[in-house]
Each structure stands twice: as C-alpha cells, then as structure tokens.
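Trainee: Before we start, here is the structure in question, set down as structure tokens.
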Amino acid sequence: MYNKFISGLEGSSSVELMLKAEKMRKEGKEVISLAGGEPDFDTPDRIINKAIQSLNQGETHYAVGQGIFSLRERIAEKLRNENNIMCTPENVIVTPGGKYGIYMAIASLMNVGDEAIVFAPSWVSYCPIIRACGGKPIISHLQYDDNYKIKEENIIPYITEKTKVIVVNYPNNPTGRVLSKEEAELLRDVTEKYNLHIVSDEIYEKIIYDGKKNISLASYSNIADRVVTVNGFSKCAAMTGWRIGYTVASAEITKVMYKLYVHTITGLSPFIQNAAIEVFHCDEEIEKMRTIYEYRRNYFVEELNKVEGIECRKPEGAFYAWVRFKSEKNSKKVCERLLDKYGIIGVDGLSYGEQQYPCVRFSFASDMEILRTVIKKIGEV
Ligand code: GLU
C-alpha cells in the first residue's frame, strides 16, 4: 500500500490537457489549445540576458537558504509598497513556482484530519494538495447567479472545530473575479473570530483590468500573522517555465515552512533567482502584456456573447474566459465535442467544481488570430 493520501489523488485537468495538446501536435493533428493558463509571450529580454550572464559567471552552485537575499529584499520592498504587507526579507521564501508555495503553506499549517475551506469554482490543484497533506478539503460552492460572490452563508456553516485554513485565490482562476472590499473584510473578520489561517494565492495580481486593484488579505494588520500570501513571476512576467514564486508569512509560519523547504528543495538555482530580480525593472513590459490581455479579453468576451446559447461575463482579472453553454447539460461533453469536431481544447467546469451550470474555461493568453478562429468555430457549434 503506497501513501494513502497521495496514491488516490485525481490528475490535474489543466496539465493533462496541455499534455494532450502536445501529443496531438506531435501526431500531426491540428489543435487549438486554450487549456493551459500560460502567457503566450516570451520572457522579457533583460530577464533572459541576466540568466545567461549569471550562468556565464558561474552562478551554478547551490544557493542555500530561503532565497538569495537581494531577491528577497526586492520582493519584501514590493510587498510593503504595493500590497501593504508589512514584512522583511526574513518573511519571504523563494519557491519553485507558486504551486510549491501553496503546498508548503498547506503542509505547514495543517495536521492530518484538519479541514480547509475551498471556494468552488477553484483551481484544480488546491483540493489535491490539501488531501496530499492528510487534510480534508471542505468545498463551499459559490453561486454563478451571484457572480460567485462570497457571503457569510458561504463560510460560516462550513466552519467546524477542525477548520484550520481558508484557501483564497484572487484574481480568480477560473472565474476572473477580483475580491471586493466587502468580501475581503468578511474574510478578515471570520479569520479573526474563528482563529483560522488563510492561504492567499495572488499569482494573477498584475493581470487585472478596468483599473481594479487586488486586495491582499495580509494587509489587514489584525490577521496579517495568520495569512500566507503566495505569489510569483510565472504569469506577470511570462516565466512559467522558470518555476519561481514566493511566499510571505509571519516569522513563525515561515520558520515551519522553511523546515519542509530545506529538506525538499535545498535552495533555488542562483541564476534563476538573479534573473528574477530583473522583473522589478520590467514594469513597462509587464504593463504592455496586461494591456494586450485586456484587448483580447474585450474582443473574445464580446464575440462569445454574440453566439446564441453562450454567456460569458467579463473577467475582472486573470486571462480566462469562463463560458457558460446555456443549452448544454455537461461541461465534459461540451469539451469532448469541441475537441472532436473542431480541435479546440478548453477545460471543463466540472474540474473546477462548478456543478450547477456547464461552464468551460478558455485561456485568452493566445494570439488574436487564434482567438478569431476559435470564435468562428464556436459559432458553428
Ligand atoms: N495554473 C495554470 C492553469 O490553471 C497552469 C497549469 C496548472 O498548474 O494547473 O492552467
């Protein structure tokens, strides 16, 4: 018998579909994949050049510790200035992608049998990560008809004496919702009142539209010590393949997380960390990518809504169109048909826990030409 928490885990729909698209392409089949959430842009030049320079300078040895100090210094400065999170480099751990940061946080906060509240629709990996750590995900289904707003009734009835963590992800993957002040304050009050912790995944923070702003829950001083904020460079700086993210948490939680980190990671490649410092000089490039996503969003969502039987709200952040197929029953079936007949890959809403309506997630981090083709084909469906 292998590890009972891990051996039974479901696969990751987004990753499996990315693999499927790769395989189909290798087989010479035509496929349009809007499955994976990844920028289609290349990493900005100065980041790449810095990595090459670091490699040439022999930065190829272990970089032990929580992450190189100069990078953690820049991250802490950004968190103080932009997110209003009071922290120092000591509170920061540089992780191999945001995903590992989420794992490290959940593993460090939860004991076997503890419960974590996850709002659905939610990214496909939160529940498996909780289960892998011996925890129990308690899914609170937010309502499509409420535009997935978090209300008291979506939290309070789900709290038991075993509840340890609430997982929060805004801008949200897959719905594109941004946390409102009202929702943020509700989460703050509940966290304080019931002595809970929050794991706040803010990886899409920079990809936000219409002048909206992300609210970091760790900016509330009364719960700051109970929040692990996870962020990274994958989405904002088009660095998915580099695998670099970070966590910021209280000194106490960081100490626990580092115990796991040092025995599983040792430290991140120094040339990657050096290159990541350049992200803090790439405001212009990051803003340019964001503007292009906004343009694509406007086009894609507007065109989708012209198709009979389809409803798509304008996402406030991230780069996903969350599309409801009104005359269908099952999102997996919709996805199968889209792939078989039209070679289009999206991710079915059931994978994100949307059970009420058949929804499909399409990434619009794709070229306009591709989006135009998809619109044409979906119109035919
Ligand atoms: N986070 C991205 C997505 O939702 C990348 C794949 C993954 O790790 O799930 O598509």
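Please note that chains go A, B, ... in the order of the structure tokens, that every chain numbers its residues from 1, and that ligands are numbered from 1 in the order shown.
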Considering only C-alpha atoms, return as a PyMOL selection string whatever protein or nucleic-acid residues lie within 8 Å of segment 24-36 of chain A, sequence-local ones (same chain, fewer than 4 positions apart) excluded.
Mentor: chain A and resi 14-15+17-18+20+339+343-347+361-366+370+374
Trainee: Those selected residues, please, written with all heavy atoms and delivered as a compact mmCIF listing (two decimals), in the first residue's frame.
Mentor:
# COMPACT_ATOMS: atom_id res chain seq x y z
N SER A 14 -5.90 20.68 -16.08
CA SER A 14 -5.22 21.65 -16.95
C SER A 14 -3.91 21.08 -17.50
O SER A 14 -3.62 21.19 -18.69
CB SER A 14 -4.97 22.97 -16.21
OG SER A 14 -4.62 22.77 -14.87
N VAL A 15 -3.14 20.42 -16.63
CA VAL A 15 -1.86 19.87 -17.08
C VAL A 15 -2.09 18.71 -18.05
O VAL A 15 -1.42 18.59 -19.08
CB VAL A 15 -0.99 19.43 -15.87
CG1 VAL A 15 0.26 18.71 -16.34
CG2 VAL A 15 -0.62 20.64 -15.01
N LEU A 17 -4.56 18.28 -20.07
CA LEU A 17 -4.99 18.78 -21.38
C LEU A 17 -3.85 19.45 -22.13
O LEU A 17 -3.79 19.41 -23.35
CB LEU A 17 -6.18 19.72 -21.21
CG LEU A 17 -7.48 18.98 -20.85
CD1 LEU A 17 -8.55 19.94 -20.36
CD2 LEU A 17 -8.01 18.19 -22.05
N MET A 18 -2.94 20.07 -21.37
CA MET A 18 -1.75 20.65 -22.02
C MET A 18 -0.93 19.52 -22.67
O MET A 18 -0.42 19.64 -23.79
CB MET A 18 -0.90 21.42 -21.01
CG MET A 18 -1.50 22.76 -20.60
SD MET A 18 -0.82 23.36 -19.03
CE MET A 18 0.54 24.33 -19.61
N LYS A 20 -2.10 16.63 -23.62
CA LYS A 20 -2.88 16.09 -24.73
C LYS A 20 -2.64 16.90 -26.00
O LYS A 20 -2.44 16.36 -27.08
CB LYS A 20 -4.36 16.10 -24.36
CG LYS A 20 -5.24 15.43 -25.36
CD LYS A 20 -6.64 15.29 -24.80
CE LYS A 20 -7.44 14.37 -25.68
NZ LYS A 20 -8.56 13.78 -24.97
N LEU A 339 -13.43 19.38 -28.96
CA LEU A 339 -12.16 18.78 -29.39
C LEU A 339 -12.35 17.88 -30.60
O LEU A 339 -11.64 18.01 -31.60
CB LEU A 339 -11.52 18.01 -28.22
CG LEU A 339 -10.21 17.31 -28.54
CD1 LEU A 339 -9.16 18.31 -29.03
CD2 LEU A 339 -9.65 16.59 -27.32
N GLY A 343 -11.29 20.60 -32.88
CA GLY A 343 -9.88 20.63 -32.46
C GLY A 343 -9.59 21.71 -31.43
O GLY A 343 -8.45 22.15 -31.28
N ILE A 344 -10.63 22.15 -30.69
CA ILE A 344 -10.42 23.20 -29.68
C ILE A 344 -10.36 22.56 -28.30
O ILE A 344 -11.21 21.74 -27.95
CB ILE A 344 -11.58 24.22 -29.69
CG1 ILE A 344 -11.65 24.93 -31.04
CG2 ILE A 344 -11.44 25.24 -28.57
CD1 ILE A 344 -12.89 25.81 -31.21
N ILE A 345 -9.36 22.94 -27.53
CA ILE A 345 -9.27 22.40 -26.17
C ILE A 345 -9.52 23.50 -25.15
O ILE A 345 -8.84 24.51 -25.09
CB ILE A 345 -7.89 21.75 -25.88
CG1 ILE A 345 -7.55 20.70 -26.96
CG2 ILE A 345 -7.89 21.10 -24.50
CD1 ILE A 345 -6.32 19.89 -26.68
N GLY A 346 -10.54 23.27 -24.32
CA GLY A 346 -10.81 24.12 -23.15
C GLY A 346 -10.88 23.19 -21.95
O GLY A 346 -10.85 21.97 -22.11
N VAL A 347 -10.97 23.75 -20.76
CA VAL A 347 -11.05 22.88 -19.57
C VAL A 347 -12.48 22.90 -19.04
O VAL A 347 -13.07 23.98 -18.84
CB VAL A 347 -10.06 23.31 -18.46
CG1 VAL A 347 -10.00 22.24 -17.37
CG2 VAL A 347 -8.67 23.57 -19.02
N ARG A 361 -13.60 26.65 -19.30
CA ARG A 361 -12.58 27.70 -19.17
C ARG A 361 -11.72 27.72 -20.43
O ARG A 361 -11.14 26.72 -20.80
CB ARG A 361 -11.69 27.42 -17.95
CG ARG A 361 -10.75 28.59 -17.64
CD ARG A 361 -9.65 28.20 -16.67
NE ARG A 361 -8.55 27.53 -17.36
CZ ARG A 361 -7.36 27.29 -16.82
NH1 ARG A 361 -7.12 27.64 -15.57
NH2 ARG A 361 -6.40 26.67 -17.51
N PHE A 362 -11.65 28.89 -21.06
CA PHE A 362 -10.75 29.09 -22.20
C PHE A 362 -9.74 30.15 -21.83
O PHE A 362 -10.11 31.24 -21.37
CB PHE A 362 -11.52 29.59 -23.44
CG PHE A 362 -12.54 28.62 -23.97
CD1 PHE A 362 -13.89 28.87 -23.82
CD2 PHE A 362 -12.15 27.47 -24.62
CE1 PHE A 362 -14.85 28.01 -24.30
CE2 PHE A 362 -13.10 26.58 -25.12
CZ PHE A 362 -14.45 26.85 -24.96
N SER A 363 -8.47 29.86 -22.05
CA SER A 363 -7.45 30.88 -21.78
C SER A 363 -7.38 31.82 -22.98
O SER A 363 -7.33 31.35 -24.13
CB SER A 363 -6.10 30.21 -21.56
OG SER A 363 -5.07 31.17 -21.67
N PHE A 364 -7.39 33.13 -22.73
CA PHE A 364 -7.18 34.05 -23.86
C PHE A 364 -5.78 34.63 -23.86
O PHE A 364 -5.51 35.68 -24.44
CB PHE A 364 -8.28 35.12 -23.96
CG PHE A 364 -8.52 35.94 -22.71
CD1 PHE A 364 -7.72 37.02 -22.41
CD2 PHE A 364 -9.57 35.63 -21.87
CE1 PHE A 364 -7.96 37.79 -21.28
CE2 PHE A 364 -9.83 36.39 -20.74
CZ PHE A 364 -9.01 37.47 -20.43
N ALA A 365 -4.85 33.90 -23.21
CA ALA A 365 -3.43 34.26 -23.33
C ALA A 365 -2.92 33.66 -24.63
O ALA A 365 -1.96 32.87 -24.66
CB ALA A 365 -2.66 33.74 -22.12
N SER A 366 -3.60 33.97 -25.70
CA SER A 366 -3.30 33.43 -27.03
C SER A 366 -3.40 34.53 -28.06
O SER A 366 -4.14 35.50 -27.86
CB SER A 366 -4.32 32.36 -27.43
OG SER A 366 -4.22 31.26 -26.61
N ILE A 370 -5.64 33.26 -33.30
CA ILE A 370 -6.18 32.02 -32.72
C ILE A 370 -7.56 32.29 -32.13
O ILE A 370 -8.51 31.53 -32.34
CB ILE A 370 -5.21 31.46 -31.65
CG1 ILE A 370 -3.89 31.04 -32.31
CG2 ILE A 370 -5.83 30.29 -30.88
CD1 ILE A 370 -2.82 30.58 -31.37
N VAL A 374 -11.15 30.56 -33.07
CA VAL A 374 -11.98 29.88 -32.06
C VAL A 374 -13.41 30.43 -32.11
O VAL A 374 -14.38 29.68 -32.09
CB VAL A 374 -11.37 30.05 -30.65
CG1 VAL A 374 -12.33 29.56 -29.57
CG2 VAL A 374 -10.06 29.28 -30.55
Trainee: Do you know which residues are at most 7 Å from segment 178-190 of chain A counting only C-alpha atoms, after dropping those on the same chain fewer than 3 positions away, and could you put them as a list in words?
Mentor: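 Using only C-alpha atoms, the neighbours found are Ile150, Tyr170, Pro171, Asn172, Lys193, Tyr194, Asn214, Ile215, Leu217, Ile223, Glu316 and Gly317 of chain A.
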Trainee: Set the distance at 7 Å and use only C-alpha atoms: which residues neighbour Ile166 of chain A once local chain neighbours fewer than 3 positions away are removed? I'd like the list as an NGL selection string.
Mentor: :A and (116-118 or 197-199)
Trainee: Would you kindly return, as a PyMOL selection string, each protein, DNA or RNA residue with an atom no farther than 9 Å from any atom of Ser200 of chain A, considering only C-alpha atoms and excluding same-chain residues fewer than 3 positions away?
Mentor: chain A and resi 102+166-170+216-218+227-231
Trainee: Could you turn the residues from that selection into a file that holds C-alpha atoms, as a compact mmCIF listing (two decimals), in the first residue's frame?
Mentor:
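Once written, again-v3.txt looks like this:
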# COMPACT_ATOMS: atom_id res chain seq x y z
CA ILE A 102 0.86 26.61 -1.83
CA ILE A 166 -9.38 29.06 4.14
CA VAL A 167 -7.91 28.98 0.65
CA VAL A 168 -8.45 32.22 -1.24
CA ASN A 169 -7.47 32.95 -4.84
CA TYR A 170 -7.99 36.41 -6.36
CA SER A 216 -4.02 41.46 -0.21
CA LEU A 217 -5.60 39.92 2.87
CA ALA A 218 -2.28 40.10 4.71
CA VAL A 227 -2.08 34.75 6.25
CA VAL A 228 0.37 33.05 3.94
CA THR A 229 0.46 35.04 0.71
CA VAL A 230 1.65 33.18 -2.36
CA ASN A 231 2.76 34.97 -5.50
Trainee: Give the alpha helix (DSSP H) residues of segment 68-174 of chain A, as assigned by DSSP on the backbone, as a PyMOL selection string.
Mentor: chain A and resi 69-83+97-109+126-132
Trainee: With a distance cut-off of 6 Å and only C-alpha atoms, select the neighbouring residues of Pro96 of chain A, excluding the residue or stretch itself and same-chain residues fewer than 2 positions from it, and output the selection as JSON, numbers by chain.
Mentor: {"A": [100, 243, 244, 245]}
Trainee: Using the selection just defined, write its residues with N, CA and C atoms as a PDB file, in the first residue's frame.
Mentor:
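Everything below was put into result_25.pdb:
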ATOM      1  N   TYR A 100       4.452  25.252  -5.493  1.00  0.00           N
ATOM      2  CA  TYR A 100       5.177  24.687  -4.346  1.00  0.00           C
ATOM      3  C   TYR A 100       4.931  25.532  -3.088  1.00  0.00           C
ATOM      4  N   ARG A 243       9.930  28.336 -13.211  1.00  0.00           N
ATOM      5  CA  ARG A 243       9.496  27.848 -11.904  1.00  0.00           C
ATOM      6  C   ARG A 243      10.067  28.703 -10.775  1.00  0.00           C
ATOM      7  N   ILE A 244       9.522  29.864 -10.602  1.00  0.00           N
ATOM      8  CA  ILE A 244       9.953  30.704  -9.477  1.00  0.00           C
ATOM      9  C   ILE A 244       8.779  31.530  -8.936  1.00  0.00           C
ATOM     10  N   GLY A 245       8.541  31.366  -7.659  1.00  0.00           N
ATOM     11  CA  GLY A 245       7.484  32.098  -6.966  1.00  0.00           C
ATOM     12  C   GLY A 245       7.965  32.405  -5.555  1.00  0.00           C
TER      13      GLY A 245
END
Trainee: Applying 8 Å and only C-alpha atoms, which residues near segment 277-289 of chain A remain after dropping the ones on its own chain fewer than 5 positions away? List them as a PyMOL selection string.
Mentor: chain A and resi 41+44+46-47+50+70-71+74+206+233+236-237
Trainee: From the list A:Gln53, A:Asn173, A:Thr247, A:Ser122, which residue is nearest Asn91 of chain A when using only C-alpha atoms?
Mentor: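 Going through A:Gln53, A:Asn173, A:Thr247, A:Ser122 one by one, the smallest distance to Asn91 of chain A is for A:Thr247.
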Trainee: Using only C-alpha atoms and all ligand atoms, which of the listed residues (A:Ile52, A:Ile159, A:Ile203, A:Cys87) sits closest to ligand 1?
Mentor: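 Of A:Ile52, A:Ile159, A:Ile203, A:Cys87, the one nearest ligand 1, counting only C-alpha atoms and all ligand atoms, is A:Ile203.
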Trainee: I want to know what sits within 6 Å of Glu311 of chain A, based on only C-alpha atoms, with residues of the same chain fewer than 2 positions away left out; could you give that as an mmCIF file with N, CA, C and O atoms, in the first residue's frame?
Mentor:
data_model
loop_
_atom_site.group_PDB
_atom_site.id
_atom_site.type_symbol
_atom_site.label_atom_id
_atom_site.label_comp_id
_atom_site.auth_asym_id
_atom_site.auth_seq_id
_atom_site.Cartn_x
_atom_site.Cartn_y
_atom_site.Cartn_z
ATOM 1 N N ASN A 305 -20.242 36.356 -26.546
ATOM 2 C CA ASN A 305 -21.615 36.678 -26.152
ATOM 3 C C ASN A 305 -22.561 36.868 -27.344
ATOM 4 O O ASN A 305 -23.773 36.859 -27.178
ATOM 5 N N VAL A 323 -16.954 30.344 -19.670
ATOM 6 C CA VAL A 323 -18.062 30.394 -20.623
ATOM 7 C C VAL A 323 -19.158 29.398 -20.260
ATOM 8 O O VAL A 323 -18.891 28.203 -20.099
ATOM 9 N N ARG A 324 -20.357 29.923 -20.145
ATOM 10 C CA ARG A 324 -21.490 29.044 -19.844
ATOM 11 C C ARG A 324 -22.218 28.676 -21.133
ATOM 12 O O ARG A 324 -22.606 29.558 -21.909
#
Trainee: With distances taken over only C-alpha atoms, which of A:Gly65, A:Pro39, A:Pro174, A:Gly101 is nearest to Ala249 of chain A?
Mentor: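 Nearest to Ala249 of chain A: A:Gly101.
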Trainee: Mind checking DSSP for segment 220-256 of chain A and telling me the strand (DSSP E or B) residues as a list in words?
Mentor: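 Output for segment 220-256 of chain A, strand (DSSP E or B) only: Val227, Val228, Thr229, Val230, Asn231, Gly232, Gly245, Tyr246, Thr247 and Val248 of chain A.
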Trainee: Let me see the file: selected residues, all heavy atoms, as a short mmCIF file (atom, residue, chain, number, x, y, z; two decimals), in the first residue's frame.
Mentor:
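For reference, out.cif as written:
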data_model
loop_
_atom_site.label_atom_id
_atom_site.label_comp_id
_atom_site.auth_asym_id
_atom_site.auth_seq_id
_atom_site.Cartn_x
_atom_site.Cartn_y
_atom_site.Cartn_z
N VAL A 227 -1.95 34.88 7.71
CA VAL A 227 -2.08 34.75 6.25
C VAL A 227 -0.75 34.35 5.63
O VAL A 227 0.28 34.96 5.91
CB VAL A 227 -2.55 36.09 5.62
CG1 VAL A 227 -2.73 35.93 4.10
CG2 VAL A 227 -3.84 36.59 6.26
N VAL A 228 -0.79 33.33 4.79
CA VAL A 228 0.37 33.05 3.94
C VAL A 228 -0.01 33.54 2.55
O VAL A 228 -0.97 33.04 1.95
CB VAL A 228 0.73 31.55 3.88
CG1 VAL A 228 1.95 31.34 2.98
CG2 VAL A 228 0.98 30.99 5.27
N THR A 229 0.72 34.53 2.06
CA THR A 229 0.46 35.04 0.71
C THR A 229 1.41 34.34 -0.25
O THR A 229 2.61 34.23 0.01
CB THR A 229 0.70 36.57 0.66
OG1 THR A 229 -0.09 37.19 1.68
CG2 THR A 229 0.33 37.15 -0.69
N VAL A 230 0.84 33.86 -1.35
CA VAL A 230 1.65 33.18 -2.36
C VAL A 230 1.58 34.00 -3.65
O VAL A 230 0.49 34.43 -4.06
CB VAL A 230 1.13 31.75 -2.62
CG1 VAL A 230 2.02 31.03 -3.64
CG2 VAL A 230 1.03 30.95 -1.32
N ASN A 231 2.73 34.23 -4.25
CA ASN A 231 2.76 34.97 -5.50
C ASN A 231 3.95 34.46 -6.31
O ASN A 231 4.62 33.51 -5.88
CB ASN A 231 2.87 36.48 -5.23
CG ASN A 231 2.29 37.32 -6.36
OD1 ASN A 231 2.30 36.91 -7.52
ND2 ASN A 231 1.78 38.50 -6.03
N GLY A 232 4.22 35.06 -7.44
CA GLY A 232 5.34 34.58 -8.24
C GLY A 232 5.47 35.36 -9.52
O GLY A 232 4.78 36.36 -9.73
N GLY A 245 8.54 31.37 -7.66
CA GLY A 245 7.48 32.10 -6.97
C GLY A 245 7.96 32.40 -5.56
O GLY A 245 9.15 32.28 -5.27
N TYR A 246 7.06 32.82 -4.70
CA TYR A 246 7.48 33.10 -3.32
C TYR A 246 6.29 33.08 -2.36
O TYR A 246 5.14 33.18 -2.78
CB TYR A 246 8.23 34.43 -3.22
CG TYR A 246 7.48 35.64 -3.75
CD1 TYR A 246 6.59 36.35 -2.95
CD2 TYR A 246 7.67 36.06 -5.07
CE1 TYR A 246 5.92 37.45 -3.45
CE2 TYR A 246 6.99 37.17 -5.57
CZ TYR A 246 6.12 37.86 -4.76
OH TYR A 246 5.44 38.94 -5.24
N THR A 247 6.63 32.94 -1.10
CA THR A 247 5.62 33.07 -0.04
C THR A 247 6.05 34.20 0.88
O THR A 247 7.25 34.49 1.02
CB THR A 247 5.51 31.80 0.82
OG1 THR A 247 6.80 31.51 1.37
CG2 THR A 247 5.02 30.61 0.03
N VAL A 248 5.06 34.83 1.50
CA VAL A 248 5.37 35.77 2.59
C VAL A 248 4.41 35.44 3.72
O VAL A 248 3.22 35.23 3.51
CB VAL A 248 5.30 37.25 2.13
CG1 VAL A 248 3.93 37.63 1.59
CG2 VAL A 248 5.68 38.18 3.28
#
Trainee: Counting only C-alpha atoms and all ligand atoms, which of A:Glu90, A:Asp210, A:Asp348, A:Glu59 gets nearest to ligand 1?
Mentor: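 Under the stated criterion, the closest residue is A:Asp348.
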Trainee: Identify which of the residues A:Thr264, A:Ser125, A:Gln356, A:Asn147 lies closest to Gly11 of chain A, counting only C-alpha atoms when measuring atom-to-atom distances.
Mentor: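 Among the listed residues, A:Ser125 lies closest to Gly11 of chain A.
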